[in-house]
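Text of run_9.cif, listed as mmCIF, C-alpha atoms:
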data_structure
loop_
_atom_site.label_atom_id
_atom_site.label_comp_id
_atom_site.auth_asym_id
_atom_site.auth_seq_id
_atom_site.Cartn_x
_atom_site.Cartn_y
_atom_site.Cartn_z
CA MET A 1 219.69 -49.58 122.24
CA GLY A 2 218.60 -53.19 122.45
CA ALA A 3 218.21 -55.63 119.58
CA GLY A 4 215.32 -54.71 117.35
CA ARG A 5 215.02 -51.24 118.90
CA PHE A 6 216.15 -48.13 117.07
CA ARG A 7 215.71 -44.42 116.44
CA VAL A 8 216.19 -43.14 112.89
CA PRO A 9 216.07 -39.41 112.05
CA ILE A 10 214.29 -38.49 108.81
CA LEU A 11 215.33 -34.98 107.80
CA MET A 12 212.73 -32.84 106.04
CA TYR A 13 214.00 -30.26 103.56
CA HIS A 14 212.15 -28.17 101.01
CA ASN A 15 213.90 -25.37 99.19
CA VAL A 16 217.71 -25.26 99.05
CA SER A 17 218.20 -21.65 98.06
CA ASP A 18 219.27 -18.23 99.28
CA ASP A 19 215.65 -17.09 99.65
CA PRO A 20 215.62 -15.01 102.87
CA GLN A 21 211.88 -15.68 103.30
CA ILE A 22 211.23 -12.11 104.44
CA GLY A 23 207.99 -11.79 106.36
CA ILE A 24 207.93 -15.45 107.41
CA ALA A 25 208.42 -16.27 111.08
CA PRO A 26 211.78 -17.93 111.73
CA SER A 27 210.14 -21.10 113.04
CA ARG A 28 208.11 -21.39 109.85
CA ARG A 29 210.85 -20.92 107.29
CA THR A 30 211.55 -23.79 104.97
CA ALA A 31 214.46 -22.57 102.86
CA ILE A 32 218.05 -23.46 103.58
CA ASP A 33 220.93 -21.76 101.79
CA PRO A 34 223.38 -24.00 99.89
CA PHE A 35 226.29 -23.09 102.21
CA THR A 36 224.40 -24.24 105.32
CA PHE A 37 223.13 -27.33 103.53
CA ARG A 38 226.72 -28.24 102.62
CA GLN A 39 227.78 -27.75 106.25
CA GLN A 40 225.03 -30.12 107.38
CA MET A 41 225.96 -32.76 104.81
CA ARG A 42 229.61 -32.47 105.84
CA PHE A 43 228.61 -32.89 109.49
CA LEU A 44 226.72 -36.08 108.64
CA LEU A 45 229.77 -37.44 106.85
CA THR A 46 232.32 -36.55 109.53
CA ALA A 47 230.04 -37.77 112.33
CA GLY A 48 229.81 -41.19 110.68
CA TYR A 49 226.21 -41.09 109.44
CA HIS A 50 225.14 -42.98 106.35
CA THR A 51 221.93 -42.48 104.43
CA ALA A 52 219.16 -45.02 103.90
CA ARG A 53 216.12 -45.07 101.65
CA LEU A 54 212.63 -44.76 103.05
CA SER A 55 211.81 -48.17 101.62
CA GLU A 56 214.54 -49.58 103.85
CA VAL A 57 212.97 -47.93 106.90
CA ALA A 58 209.62 -49.50 105.99
CA ALA A 59 211.32 -52.89 105.71
CA TRP A 60 212.99 -52.53 109.11
CA LEU A 61 209.68 -51.62 110.71
CA GLY A 62 207.98 -54.53 108.96
CA ASP A 63 210.38 -57.33 109.83
CA GLY A 64 211.70 -56.07 113.13
CA SER A 65 215.31 -55.89 112.00
CA THR A 66 217.71 -53.24 113.27
CA PRO A 67 219.34 -50.66 110.96
CA PRO A 68 223.03 -49.82 111.21
CA GLN A 69 224.01 -47.30 113.83
CA LYS A 70 223.95 -43.65 112.72
CA THR A 71 221.45 -44.17 109.93
CA VAL A 72 219.74 -41.04 108.60
CA VAL A 73 217.16 -40.45 105.86
CA ILE A 74 217.18 -37.25 103.78
CA THR A 75 213.90 -36.10 102.19
CA PHE A 76 212.80 -33.14 100.08
CA ASP A 77 209.18 -32.09 99.67
CA GLY A 78 207.66 -30.19 96.80
CA GLY A 79 209.69 -31.38 93.81
CA LEU A 80 211.40 -28.00 93.60
CA ARG A 81 214.04 -27.19 91.00
CA SER A 82 216.51 -26.31 93.76
CA SER A 83 216.68 -29.98 94.73
CA TYR A 84 218.35 -30.48 91.33
CA THR A 85 220.41 -27.32 91.01
CA HIS A 86 221.68 -27.06 94.61
CA ALA A 87 220.97 -30.20 96.64
CA PHE A 88 221.69 -32.89 94.05
CA PRO A 89 225.33 -31.90 93.36
CA LEU A 90 226.07 -31.86 97.10
CA LEU A 91 224.38 -35.22 97.67
CA GLN A 92 226.58 -36.65 94.92
CA GLU A 93 229.68 -34.99 96.39
CA PHE A 94 229.07 -36.69 99.74
CA SER A 95 227.73 -39.94 98.22
CA PHE A 96 224.38 -39.57 100.01
CA SER A 97 221.01 -40.86 98.90
CA ALA A 98 217.73 -39.01 99.35
CA THR A 99 214.03 -39.18 98.57
CA VAL A 100 212.32 -36.35 96.69
CA PHE A 101 208.52 -36.13 96.84
CA LEU A 102 206.74 -34.91 93.71
CA PRO A 103 203.34 -33.17 93.37
CA THR A 104 202.96 -34.56 89.87
CA ALA A 105 200.64 -31.84 88.48
CA PHE A 106 203.59 -29.45 88.80
CA ILE A 107 206.19 -31.72 87.18
CA GLY A 108 206.20 -31.62 83.39
CA ALA A 109 208.24 -31.86 80.23
CA SER A 110 208.68 -28.09 80.45
CA ARG A 111 209.21 -26.02 83.59
CA ARG A 112 206.20 -25.48 85.85
CA SER A 113 205.89 -23.62 89.14
CA PHE A 114 204.29 -24.31 92.50
CA ASN A 115 203.58 -21.45 94.89
CA LYS A 116 205.77 -19.21 92.69
CA MET A 117 208.72 -21.61 92.96
CA GLU A 118 210.08 -23.47 89.96
CA CYS A 119 209.69 -27.24 89.98
CA LEU A 120 211.64 -30.09 88.48
CA THR A 121 211.10 -31.33 84.95
CA TRP A 122 210.74 -35.04 84.22
CA LEU A 123 214.13 -35.04 82.48
CA GLU A 124 215.75 -33.74 85.69
CA VAL A 125 213.84 -36.30 87.73
CA GLN A 126 215.07 -39.08 85.45
CA GLU A 127 218.67 -37.85 85.66
CA MET A 128 218.56 -37.76 89.45
CA HIS A 129 216.88 -41.16 89.57
CA LYS A 130 219.64 -42.73 87.46
CA ALA A 131 222.16 -41.34 89.96
CA GLY A 132 220.41 -43.07 92.88
CA ILE A 133 217.88 -40.53 94.13
CA GLN A 134 214.54 -42.07 95.08
CA PHE A 135 211.25 -40.40 94.18
CA GLY A 136 207.93 -40.64 95.97
CA SER A 137 204.50 -39.08 95.70
CA HIS A 138 203.43 -35.77 97.16
CA THR A 139 199.99 -36.32 95.64
CA VAL A 140 198.88 -34.82 92.31
CA SER A 141 197.83 -31.28 93.23
CA HIS A 142 199.02 -30.90 96.85
CA PRO A 143 195.55 -30.42 98.38
CA LEU A 144 194.25 -30.57 101.93
CA LEU A 145 193.57 -34.30 101.78
CA HIS A 146 191.26 -34.55 104.77
CA GLN A 147 188.84 -32.12 103.06
CA LEU A 148 188.50 -34.19 99.87
CA PRO A 149 185.71 -36.63 98.98
CA ARG A 150 187.02 -40.18 99.26
CA VAL A 151 187.06 -40.72 95.50
CA GLU A 152 189.21 -37.60 95.01
CA LEU A 153 191.50 -38.66 97.82
CA MET A 154 191.99 -42.03 96.13
CA ARG A 155 192.73 -40.27 92.85
CA GLU A 156 195.38 -38.04 94.42
CA LEU A 157 197.13 -41.11 95.81
CA ALA A 158 196.79 -43.42 92.82
CA VAL A 159 197.33 -41.06 89.88
CA SER A 160 200.47 -39.47 91.31
CA LYS A 161 201.94 -42.90 92.08
CA ALA A 162 201.13 -44.20 88.59
CA GLU A 163 202.65 -41.17 86.86
CA ILE A 164 205.93 -41.43 88.74
CA GLU A 165 206.08 -45.14 87.93
CA ARG A 166 205.38 -44.42 84.25
CA GLN A 167 208.16 -41.85 84.10
CA LEU A 168 210.76 -43.88 86.01
CA GLY A 169 209.85 -47.46 85.14
CA GLU A 170 209.88 -48.76 88.71
CA PRO A 171 207.52 -48.82 91.72
CA ALA A 172 206.95 -45.57 93.61
CA ALA A 173 205.79 -46.74 97.00
CA THR A 174 206.50 -43.82 99.34
CA LEU A 175 204.31 -40.78 100.04
CA SER A 176 204.77 -37.47 101.82
CA TYR A 177 201.58 -36.12 103.37
CA PRO A 178 200.87 -32.52 102.24
CA TYR A 179 200.43 -30.02 105.05
CA GLU A 180 199.98 -30.99 108.67
CA PHE A 181 198.54 -34.42 109.37
CA PRO A 182 195.09 -34.09 111.04
CA ARG A 183 196.05 -35.94 114.21
CA GLY A 184 192.74 -35.37 115.93
CA ASN A 185 190.70 -36.89 113.10
CA THR A 186 191.04 -40.56 113.98
CA ALA A 187 188.41 -41.71 111.48
CA PHE A 188 190.25 -40.01 108.62
CA ALA A 189 193.60 -41.34 109.81
CA ALA A 190 192.34 -44.92 109.82
CA ASP A 191 190.67 -44.62 106.42
CA PHE A 192 193.68 -42.87 104.94
CA ARG A 193 195.97 -45.66 106.10
CA ASP A 194 193.68 -48.24 104.50
CA LEU A 195 193.77 -46.34 101.21
CA LEU A 196 197.57 -46.16 101.27
CA VAL A 197 197.75 -49.93 101.66
CA LYS A 198 195.20 -50.52 98.90
CA VAL A 199 196.98 -48.24 96.44
CA GLY A 200 200.30 -49.98 97.14
CA TYR A 201 202.34 -47.61 99.28
CA VAL A 202 204.76 -49.07 101.83
CA CYS A 203 205.13 -45.95 103.97
CA CYS A 204 204.07 -42.33 104.43
CA VAL A 205 206.05 -39.51 106.03
CA THR A 206 204.39 -36.57 107.74
CA SER A 207 205.47 -33.30 109.35
CA GLU A 208 204.91 -34.69 112.85
CA LEU A 209 208.05 -34.00 114.85
CA GLY A 210 210.45 -36.67 116.04
CA ARG A 211 212.64 -39.59 115.04
CA VAL A 212 211.28 -42.91 113.82
CA LYS A 213 211.08 -45.58 116.52
CA SER A 214 211.15 -49.33 116.02
CA ASN A 215 207.44 -49.69 116.88
CA ASP A 216 206.15 -46.79 114.76
CA ASP A 217 203.48 -47.14 112.09
CA PRO A 218 205.23 -46.99 108.67
CA TYR A 219 202.21 -45.08 107.32
CA ARG A 220 202.71 -42.20 109.75
CA LEU A 221 206.41 -41.54 110.07
CA LYS A 222 207.74 -38.53 111.96
CA ARG A 223 210.41 -36.22 110.58
CA LEU A 224 212.74 -33.43 111.63
CA PRO A 225 212.23 -30.15 109.74
CA VAL A 226 215.44 -28.34 108.84
CA ASN A 227 215.99 -24.76 107.69
CA ALA A 228 218.77 -22.18 107.47
CA LEU A 229 218.42 -21.23 111.15
CA ASP A 230 219.53 -24.66 112.37
CA ASP A 231 223.03 -23.99 113.65
CA PRO A 232 225.42 -26.96 114.08
CA ALA A 233 224.44 -27.50 117.70
CA LEU A 234 220.71 -27.58 116.95
CA PHE A 235 221.23 -29.79 113.89
CA ARG A 236 223.20 -32.27 115.96
CA ALA A 237 220.60 -32.17 118.75
CA LYS A 238 217.84 -33.02 116.28
CA LEU A 239 219.78 -36.00 114.96
CA GLU A 240 220.56 -37.29 118.44
CA GLY A 241 217.05 -36.99 119.87
CA GLY A 242 217.10 -33.57 121.45
CA CYS A 243 213.74 -32.76 119.86
CA ASP A 244 212.02 -36.10 120.48
CA TRP A 245 210.30 -34.85 123.61
CA GLN A 246 209.00 -31.75 121.83
CA ALA A 247 206.18 -33.38 119.87
CA TRP A 248 203.75 -31.14 121.72
CA ALA A 249 205.53 -28.08 120.32
CA HIS A 250 205.13 -29.15 116.72
CA ARG A 251 201.67 -27.63 116.44
CA VAL A 252 202.96 -24.30 117.66
CA PHE A 253 206.31 -24.12 115.90
CA HIS A 254 206.34 -26.55 113.00
CA GLY A 255 202.92 -27.19 111.58
CA PHE A 256 199.81 -25.72 110.12
CA GLY A 257 196.60 -25.89 112.07
CA SER A 258 193.95 -27.92 110.31
CA ARG A 259 191.81 -24.78 110.10
CA ARG A 260 194.61 -22.62 108.76
CA GLN A 261 195.42 -22.34 105.09
CA PRO A 262 198.89 -23.87 104.95
CA ALA A 263 201.92 -22.92 103.06
CA PRO A 264 203.45 -24.67 100.16
CA ASP A 265 203.87 -27.76 102.17
CA ASN A 266 203.63 -29.58 105.37
CA THR A 267 206.21 -27.80 107.24
CA PRO A 268 206.97 -25.25 109.66
CA SER A 269 205.73 -22.51 107.60
CA SER A 270 205.44 -22.07 104.05
CA GLN A 271 207.58 -24.83 103.08
CA ALA A 272 206.65 -26.52 100.01
CA ARG A 273 206.83 -29.99 100.90
#

Could the structure of this file be written out as structure tokens, please?
Amino acid sequence: MGAGRFRVPILMYHNVSDDPQIGIAPSRRTAIDPFTFRQQMRFLLTAGYHTARLSEVAAWLGDGSTPPQKTVVITFDGGLRSSYTHAFPLLQEFSFSATVFLPTAFIGASRRSFNKMECLTWLEVQEMHKAGIQFGSHTVSHPLLHQLPRVELMRELAVSKAEIERQLGEPAATLSYPYEFPRGNTAFAADFRDLLVKVGYVCCVTSELGRVKSNDDPYRLKRLPVNALDDPALFRAKLEGGCDWQAWAHRVFHGFGSRRQPAPDNTPSSQAR
């Protein structure tokens, strides 16, 4: 890999739990049991990976610098309680950082739920933040953004960002796009990017499949969805680029069609991202 050129995997998790997700197609499952999650974190450690923040990825893309070898980014969509009860202790055990994306209407002083799954409270968010976990926006209400009037779209972006900043006392400049990004809607994509810049975001991750390349747009970053069915060989292949050529398969195996009512998030199935 030449100077200034890189590939960085951004892992996309949702629910770290023992939920078997009965009735959900294997390719669309978003839960990963704590045992498998621990195995994956241990693999990252023993294979020499170190974690970076999304804001660092945006900086590398902006100034053309090259990240350290074996850099990986860990993200969680949906602001689910399991990111605190199951993922957070393991991230601390392995000294890894991560970014958790919050749909702020479902994060409160008391426990709230999203798609029948319990979400974080602000006290838990603040505890994780003090320990080094980064938080970004997953909008306010997790809607299908491309179907919203422009003023509502702006509100979803701005209000969620402002609330996270109010709760944590520092800028929240990263966003995770809810549901599948409408790749065929070029007018929306261009306008959406402009709004992200105006509101003050530095990057946006999507559920589009692949690793981040040195010439990618920071406002449309690809990720690698992970669930309990990713055995060690598949997990390693994803990290090393084995899925980079499969972008065409993302629609079929890892996304929601723009006409289909999606699941809790932008993932392979009903993930709550």

*Quick one: residues within 10 Å of Glu124 of chain A, all atoms listed in the file counted, chain neighbours fewer than 2 positions away excluded, as number ranges by chain?*
A: 81, 83-85, 107, 109, 119-122, 126-130

Keeping only C-alpha atoms, write those residues as a PDB file, in the frame of the given file.
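Result file is selection-v1.pdb:
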ATOM      1  CA  ARG A  81     214.040 -27.190  91.000  1.00  0.00           C
ATOM      2  CA  SER A  83     216.680 -29.980  94.730  1.00  0.00           C
ATOM      3  CA  TYR A  84     218.350 -30.480  91.330  1.00  0.00           C
ATOM      4  CA  THR A  85     220.410 -27.320  91.010  1.00  0.00           C
ATOM      5  CA  ILE A 107     206.190 -31.720  87.180  1.00  0.00           C
ATOM      6  CA  ALA A 109     208.240 -31.860  80.230  1.00  0.00           C
ATOM      7  CA  CYS A 119     209.690 -27.240  89.980  1.00  0.00           C
ATOM      8  CA  LEU A 120     211.640 -30.090  88.480  1.00  0.00           C
ATOM      9  CA  THR A 121     211.100 -31.330  84.950  1.00  0.00           C
ATOM     10  CA  TRP A 122     210.740 -35.040  84.220  1.00  0.00           C
ATOM     11  CA  GLN A 126     215.070 -39.080  85.450  1.00  0.00           C
ATOM     12  CA  GLU A 127     218.670 -37.850  85.660  1.00  0.00           C
ATOM     13  CA  MET A 128     218.560 -37.760  89.450  1.00  0.00           C
ATOM     14  CA  HIS A 129     216.880 -41.160  89.570  1.00  0.00           C
ATOM     15  CA  LYS A 130     219.640 -42.730  87.460  1.00  0.00           C
TER      16      LYS A 130
END

*Show which residues sit within 10 Å of Gly210 of chain A, as a list in words. Count only C-alpha atoms, and ignore same-chain residues fewer than 5 positions away.*
Arg7, Val8, Pro9, Ile10, Leu11, Leu221, Lys222, Arg223, Leu224, Pro225, Lys238, Leu239, Gly241, Gly242, Cys243, Asp244, Trp245, Gln246, Ala247 and His250 of chain A

*Select, from A:Leu234, A:Ile164, A:Leu80, A:Val16, the residue with the minimum atom-to-atom distance to Met117 of chain A, counting all atoms listed in the file.*
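Closest to Met117 of chain A, using all atoms listed in the file: A:Leu80.
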
_atom CA of Gly184 of chain A to atom CA of Pro218 of chain A, distance in Å rounded to a single decimal_ = 18.5 Å

*Using the chain letters and residue numbers of this document, give as a ChimeraX atom specification the residues selected by the PyMOL selection byres ((chain A and resi 220) around 8).*
/A:203-206,216-219,221-222

Using C-alpha atoms, can you write the selected residues to a file as an mmCIF file, keeping the file's coordinate frame?
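The result, written out as result.cif:
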data_model
loop_
_atom_site.group_PDB
_atom_site.id
_atom_site.type_symbol
_atom_site.label_atom_id
_atom_site.label_comp_id
_atom_site.auth_asym_id
_atom_site.auth_seq_id
_atom_site.Cartn_x
_atom_site.Cartn_y
_atom_site.Cartn_z
ATOM 1 C CA CYS A 203 205.130 -45.950 103.970
ATOM 2 C CA CYS A 204 204.070 -42.330 104.430
ATOM 3 C CA VAL A 205 206.050 -39.510 106.030
ATOM 4 C CA THR A 206 204.390 -36.570 107.740
ATOM 5 C CA ASP A 216 206.150 -46.790 114.760
ATOM 6 C CA ASP A 217 203.480 -47.140 112.090
ATOM 7 C CA PRO A 218 205.230 -46.990 108.670
ATOM 8 C CA TYR A 219 202.210 -45.080 107.320
ATOM 9 C CA LEU A 221 206.410 -41.540 110.070
ATOM 10 C CA LYS A 222 207.740 -38.530 111.960
#

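Distance check against Thr99 of chain A using all atoms listed in the file: of A:Gln39, A:Ser113, A:Gln147, A:Thr174, the minimum falls on A:Thr174.
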
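Interatomic distance, atom CA of Ser141 of chain A against atom CA of Pro103 of chain A: 5.8 Å.
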
*From A:Asn227, A:Leu209, A:Leu157, A:Pro68, residue lying nearest Val197 of chain A [only C-alpha atoms]*: A:Leu157

*Grab the atom CA of Asp33 of chain A to atom CA of Asp18 of chain A distance for me, in Å with one decimal place.*
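We find that atom CA of Asp33 of chain A and atom CA of Asp18 of chain A lie 4.6 Å from each other.
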
_Residue nearest Ser176 of chain A - candidates A:Arg111, A:Arg38, A:Arg211, A:His138, atoms counted: only C-alpha atoms_ =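 Of A:Arg111, A:Arg38, A:Arg211, A:His138, the one nearest Ser176 of chain A, counting only C-alpha atoms, is A:His138.
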
*Taking the file as shown, what set of residues would the PyMOL selection byres ((chain A and resi 232) around 12) give back, as a list in words?*
Thr36, Phe37, Arg38, Gln39, Gln40, Met41, Arg42, Phe43, Leu44, Ala47, Val226, Asn227, Ala228, Leu229, Asp230, Asp231, Ala233, Leu234, Phe235, Arg236, Ala237, Lys238 and Leu239 of chain A

_Contact residues around Ala172 of chain A with all atoms listed in the file at 9 Å, ignoring same-chain residues under 6 positions, as a list of chain:residue names_ =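 Near neighbours after the sequence-gap exclusion: A:Gln134, A:Phe135, A:Gly136, A:Ser137, A:Lys161, A:Ala162, A:Ile164, A:Glu165, A:Gly200, A:Tyr201.
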
*the PyMOL selection byres ((chain A and resi 153) around 12) applied to the shown file, residues as a ChimeraX atom specification*: /A:139-152,154-160,177,188,191-196,199

_Please determine, counting only C-alpha atoms, which residue among A:Leu54, A:Trp60, A:Lys116, A:Leu45 has the shortest atom-to-atom distance to Leu91 of chain A._
A:Leu45

*Smallest atom-to-atom distance to Pro182 of chain A: which of A:Leu168, A:Glu208, A:Ser110, A:Arg53, using all atoms listed in the file?*
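Among the listed residues, the smallest separation from Pro182 of chain A belongs to A:Glu208.
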
Can you fill out segment 155-167 of chain A with N, CA and C atoms and hand it back as a short mmCIF file (atom, residue, chain, number, x, y, z; two decimals), keeping the file's coordinate frame?
data_model
loop_
_atom_site.label_atom_id
_atom_site.label_comp_id
_atom_site.auth_asym_id
_atom_site.auth_seq_id
_atom_site.Cartn_x
_atom_site.Cartn_y
_atom_site.Cartn_z
N ARG A 155 192.11 -40.71 94.10
CA ARG A 155 192.73 -40.27 92.85
C ARG A 155 194.07 -39.59 93.11
N GLU A 156 194.13 -38.72 94.11
CA GLU A 156 195.38 -38.04 94.42
C GLU A 156 196.49 -39.04 94.75
N LEU A 157 196.14 -40.10 95.44
CA LEU A 157 197.13 -41.11 95.81
C LEU A 157 197.53 -41.99 94.64
N ALA A 158 196.54 -42.44 93.87
CA ALA A 158 196.79 -43.42 92.82
C ALA A 158 197.39 -42.81 91.56
N VAL A 159 196.87 -41.64 91.13
CA VAL A 159 197.33 -41.06 89.88
C VAL A 159 198.77 -40.56 90.01
N SER A 160 199.10 -39.95 91.13
CA SER A 160 200.47 -39.47 91.31
C SER A 160 201.45 -40.65 91.32
N LYS A 161 201.10 -41.69 92.02
CA LYS A 161 201.94 -42.90 92.08
C LYS A 161 202.15 -43.48 90.69
N ALA A 162 201.06 -43.61 89.92
CA ALA A 162 201.13 -44.20 88.59
C ALA A 162 201.98 -43.36 87.65
N GLU A 163 201.88 -42.03 87.75
CA GLU A 163 202.65 -41.17 86.86
C GLU A 163 204.15 -41.26 87.14
N ILE A 164 204.52 -41.29 88.40
CA ILE A 164 205.93 -41.43 88.74
C ILE A 164 206.46 -42.77 88.24
N GLU A 165 205.68 -43.82 88.40
CA GLU A 165 206.08 -45.14 87.93
C GLU A 165 206.21 -45.18 86.40
N ARG A 166 205.31 -44.48 85.72
CA ARG A 166 205.38 -44.42 84.25
C ARG A 166 206.64 -43.70 83.79
N GLN A 167 206.99 -42.65 84.49
CA GLN A 167 208.16 -41.85 84.10
C GLN A 167 209.48 -42.55 84.44
#
